[in-house]
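For reference, model31.cif is printed below; it contains mmCIF, C-alpha atoms.
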data_model
#
loop_
_atom_site.label_atom_id
_atom_site.label_comp_id
_atom_site.auth_asym_id
_atom_site.auth_seq_id
_atom_site.Cartn_x
_atom_site.Cartn_y
_atom_site.Cartn_z
CA MET A 477 101.20 99.79 91.77
CA LEU A 478 103.32 97.02 90.34
CA VAL A 479 101.77 94.02 88.61
CA SER A 480 104.00 91.29 87.25
CA VAL A 481 102.87 88.37 85.10
CA PHE A 482 105.30 85.47 85.34
CA GLY A 483 103.86 82.18 84.13
CA ASP A 484 100.87 81.34 86.31
CA LYS A 485 101.94 83.79 89.05
CA ILE A 486 100.59 87.34 89.03
CA PRO A 487 101.87 89.23 92.09
CA ILE A 488 100.65 92.74 92.80
CA VAL A 489 102.17 95.39 95.07
CA ILE A 490 100.55 98.72 95.91
CA ALA A 491 102.42 101.42 97.80
CA THR A 492 101.46 104.96 98.78
CA HIS A 493 103.07 107.65 100.90
CA LYS A 494 102.16 107.37 104.59
CA ASP A 495 100.87 110.96 104.60
CA LEU A 496 98.56 110.32 101.63
CA GLU A 497 95.51 109.42 103.70
CA LYS A 498 92.90 109.56 100.93
CA VAL A 499 94.47 106.67 98.99
CA ASP A 500 94.46 103.52 101.09
CA ALA A 501 96.56 100.75 99.50
CA ARG A 502 94.22 98.14 101.03
CA LYS A 503 91.21 99.67 99.26
CA VAL A 504 93.07 99.70 95.97
CA MET A 505 94.08 96.06 96.53
CA ASP A 506 90.47 95.14 97.30
CA TYR A 507 89.37 96.85 94.08
CA MET A 508 91.86 94.90 92.00
CA ILE A 509 91.09 91.60 93.76
CA ASN A 510 87.33 92.09 93.34
CA PHE A 511 87.87 92.82 89.64
CA LEU A 512 90.38 90.06 88.89
CA GLY A 513 90.08 87.50 91.69
CA GLY A 514 92.85 86.51 94.05
CA SER A 515 93.81 87.61 97.53
CA GLY A 516 95.85 90.27 99.25
CA GLY A 517 96.17 92.58 102.19
CA GLY A 518 98.51 94.79 104.12
CA ARG A 519 98.73 98.25 105.59
CA SER A 520 97.16 101.50 104.44
CA ASP A 521 100.47 102.53 102.81
CA PHE A 522 101.61 99.11 101.50
CA SER A 523 99.61 96.13 100.32
CA GLN A 524 100.54 93.00 98.40
CA GLY A 525 98.81 89.95 97.00
CA GLY A 526 98.22 87.81 93.97
CA ILE A 527 95.76 88.04 91.09
CA GLU A 528 94.07 85.01 89.54
CA ASN A 529 92.77 86.39 86.21
CA ASP A 530 95.07 88.30 83.89
CA LYS A 531 92.60 88.35 80.96
CA ASP A 532 90.92 91.56 82.15
CA ILE A 533 93.97 93.23 83.66
CA ASP A 534 93.99 95.99 81.00
CA ILE A 535 90.35 96.81 81.77
CA ALA A 536 91.02 96.82 85.52
CA LEU A 537 94.00 99.16 85.12
CA ALA A 538 92.06 101.45 82.78
CA SER A 539 89.20 101.75 85.30
CA LEU A 540 91.54 102.30 88.24
CA SER A 541 91.82 106.07 87.73
CA GLU A 542 88.05 106.47 88.16
CA PHE A 543 88.21 104.40 91.33
CA LEU A 544 91.04 106.54 92.72
CA VAL A 545 89.07 109.71 91.98
CA SER A 546 86.07 108.22 93.82
CA LEU A 547 88.25 107.77 96.93
CA ASN A 548 88.69 111.55 97.10
CA SER A 549 84.94 112.23 96.91
#
What is this file in structure tokens?
Amino acid sequence: MLVSVFGDKIPIVIATHKDLEKVDARKVMDYMINFLGGSGGGRSDFSQGGIENDKDIDIALASLSEFLVSLNS
């Protein structure tokens, strides 16, 4: 995952290996968008979008590992 804060623009890119079926980049994007607002989409191995709220980005990133573990359950 790459998140870049540049002025009022906060693009996000999520990429996984095509053979890594348990981690869907679209699900990770949805998680981040639901947490921080914005929009995004893409394929299961590559998703991109933009985030609206960078105030809670540290919290979202800190909670991401638990979300990724839940995908494997």
Selection result for the PyMOL selection byres ((chain A and resi 484) around 10) on this file, as a ChimeraX atom specification: /A:481-483,485-487,527-530
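In this comparison, which uses only C-alpha atoms, the residue of A:Ile535, A:Leu547, A:Ile509, A:Val504 approaching Thr492 in chain A most closely is A:Val504.
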- request: One decimal, Å: what's the distance from CA of Gly517 in chain A over to CA of Lys503 in chain A, could you say?
  value: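 Between these atoms lies a distance of 9.1 Å.
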Output of the PyMOL selection byres ((chain A and resi 501) around 6), listed as number ranges by chain: A: 490, 500, 502-504, 520-523
Quick one: what's the axis-aligned box for range 498-510 of chain A, all listed atoms, 3 Å on every side, centre and edges in Å to one decimal, as lines of an AutoDock Vina configuration file?
center_x = 91.9
center_y = 100.6
center_z = 96.5
size_x = 15.2
size_y = 24.0
size_z = 15.1
task: Would you list the contacts of Leu544 in chain A as a VMD selection string, taking every protein, DNA or RNA residue within 9 Å and counting all atoms listed in the file, but skipping same-chain residues closer than 3 positions in sequence?
output: chain A and resid 498 to 499 504 540 to 541 547 to 548
- prompt: In Å to one decimal, how far is CA of Ser480 in chain A from CA of Gln524 in chain A?
  reply: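 According to the coordinates, CA of Gln524 in chain A and CA of Ser480 in chain A are separated by 11.8 Å.
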task: Dig up all the protein and nucleic acid residues within 7 Å of (96.3, 85.8, 99.1) in the file frame, using all atoms listed in the file, and format them as a VMD selection string.
output: chain A and resid 514 to 516 525 to 526
Can you write out the residues you just picked, keeping C-alpha atoms, as a PDB file, in the frame of the given file?
ATOM      1  CA  GLY A 514      92.850  86.510  94.050  1.00  0.00           C
ATOM      2  CA  SER A 515      93.810  87.610  97.530  1.00  0.00           C
ATOM      3  CA  GLY A 516      95.850  90.270  99.250  1.00  0.00           C
ATOM      4  CA  GLY A 525      98.810  89.950  97.000  1.00  0.00           C
ATOM      5  CA  GLY A 526      98.220  87.810  93.970  1.00  0.00           C
TER       6      GLY A 526
END
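Residue nearest Asp534 in chain A, chosen from A:Glu497, A:Val489, A:Met505, A:Val479 and counting all atoms listed in the file: A:Val479.
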- prompt: What is the distance, in Å and to one decimal place, between CA of Phe511 in chain A and CA of Met477 in chain A?
  reply: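 Spanning CA of Phe511 in chain A to CA of Met477 in chain A is a straight-line distance of 15.2 Å.
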N, CA, C and O atoms restored at range 484-497 of chain A, emitted as a PDB file, in the coordinates of the input:
ATOM      1  N   ASP A 484     102.189  81.360  85.676  1.00  0.00           N
ATOM      2  CA  ASP A 484     100.870  81.340  86.310  1.00  0.00           C
ATOM      3  C   ASP A 484     100.814  82.201  87.569  1.00  0.00           C
ATOM      4  O   ASP A 484      99.813  82.226  88.264  1.00  0.00           O
ATOM      5  N   LYS A 485     101.884  82.907  87.879  1.00  0.00           N
ATOM      6  CA  LYS A 485     101.940  83.790  89.050  1.00  0.00           C
ATOM      7  C   LYS A 485     101.742  85.228  88.616  1.00  0.00           C
ATOM      8  O   LYS A 485     102.364  85.691  87.660  1.00  0.00           O
ATOM      9  N   ILE A 486     100.844  85.928  89.325  1.00  0.00           N
ATOM     10  CA  ILE A 486     100.590  87.340  89.030  1.00  0.00           C
ATOM     11  C   ILE A 486     100.615  88.119  90.348  1.00  0.00           C
ATOM     12  O   ILE A 486      99.568  88.424  90.924  1.00  0.00           O
ATOM     13  N   PRO A 487     101.800  88.438  90.860  1.00  0.00           N
ATOM     14  CA  PRO A 487     101.870  89.230  92.090  1.00  0.00           C
ATOM     15  C   PRO A 487     101.525  90.689  91.831  1.00  0.00           C
ATOM     16  O   PRO A 487     101.728  91.208  90.732  1.00  0.00           O
ATOM     17  N   ILE A 488     100.997  91.325  92.862  1.00  0.00           N
ATOM     18  CA  ILE A 488     100.650  92.740  92.800  1.00  0.00           C
ATOM     19  C   ILE A 488     101.114  93.415  94.080  1.00  0.00           C
ATOM     20  O   ILE A 488     100.965  92.865  95.172  1.00  0.00           O
ATOM     21  N   VAL A 489     101.708  94.588  93.937  1.00  0.00           N
ATOM     22  CA  VAL A 489     102.170  95.390  95.070  1.00  0.00           C
ATOM     23  C   VAL A 489     101.643  96.798  94.883  1.00  0.00           C
ATOM     24  O   VAL A 489     101.747  97.368  93.801  1.00  0.00           O
ATOM     25  N   ILE A 490     101.081  97.357  95.947  1.00  0.00           N
ATOM     26  CA  ILE A 490     100.550  98.720  95.910  1.00  0.00           C
ATOM     27  C   ILE A 490     101.179  99.485  97.070  1.00  0.00           C
ATOM     28  O   ILE A 490     101.117  99.032  98.218  1.00  0.00           O
ATOM     29  N   ALA A 491     101.786 100.614  96.760  1.00  0.00           N
ATOM     30  CA  ALA A 491     102.420 101.420  97.800  1.00  0.00           C
ATOM     31  C   ALA A 491     101.998 102.877  97.639  1.00  0.00           C
ATOM     32  O   ALA A 491     101.862 103.374  96.518  1.00  0.00           O
ATOM     33  N   THR A 492     101.768 103.536  98.758  1.00  0.00           N
ATOM     34  CA  THR A 492     101.460 104.960  98.780  1.00  0.00           C
ATOM     35  C   THR A 492     102.323 105.620  99.847  1.00  0.00           C
ATOM     36  O   THR A 492     102.927 104.938 100.676  1.00  0.00           O
ATOM     37  N   HIS A 493     102.362 106.919  99.850  1.00  0.00           N
ATOM     38  CA  HIS A 493     103.070 107.650 100.900  1.00  0.00           C
ATOM     39  C   HIS A 493     102.233 107.598 102.173  1.00  0.00           C
ATOM     40  O   HIS A 493     101.003 107.682 102.124  1.00  0.00           O
ATOM     41  N   LYS A 494     102.876 107.465 103.317  1.00  0.00           N
ATOM     42  CA  LYS A 494     102.160 107.370 104.590  1.00  0.00           C
ATOM     43  C   LYS A 494     101.274 108.580 104.870  1.00  0.00           C
ATOM     44  O   LYS A 494     100.255 108.461 105.533  1.00  0.00           O
ATOM     45  N   ASP A 495     101.652 109.745 104.366  1.00  0.00           N
ATOM     46  CA  ASP A 495     100.870 110.960 104.600  1.00  0.00           C
ATOM     47  C   ASP A 495      99.726 111.132 103.602  1.00  0.00           C
ATOM     48  O   ASP A 495      98.938 112.059 103.721  1.00  0.00           O
ATOM     49  N   LEU A 496      99.618 110.245 102.634  1.00  0.00           N
ATOM     50  CA  LEU A 496      98.560 110.320 101.630  1.00  0.00           C
ATOM     51  C   LEU A 496      97.371 109.502 102.141  1.00  0.00           C
ATOM     52  O   LEU A 496      97.162 108.364 101.774  1.00  0.00           O
ATOM     53  N   GLU A 497      96.569 110.123 102.992  1.00  0.00           N
ATOM     54  CA  GLU A 497      95.510 109.420 103.700  1.00  0.00           C
ATOM     55  C   GLU A 497      94.318 109.060 102.815  1.00  0.00           C
ATOM     56  O   GLU A 497      93.600 108.114 103.103  1.00  0.00           O
TER      57      GLU A 497
END
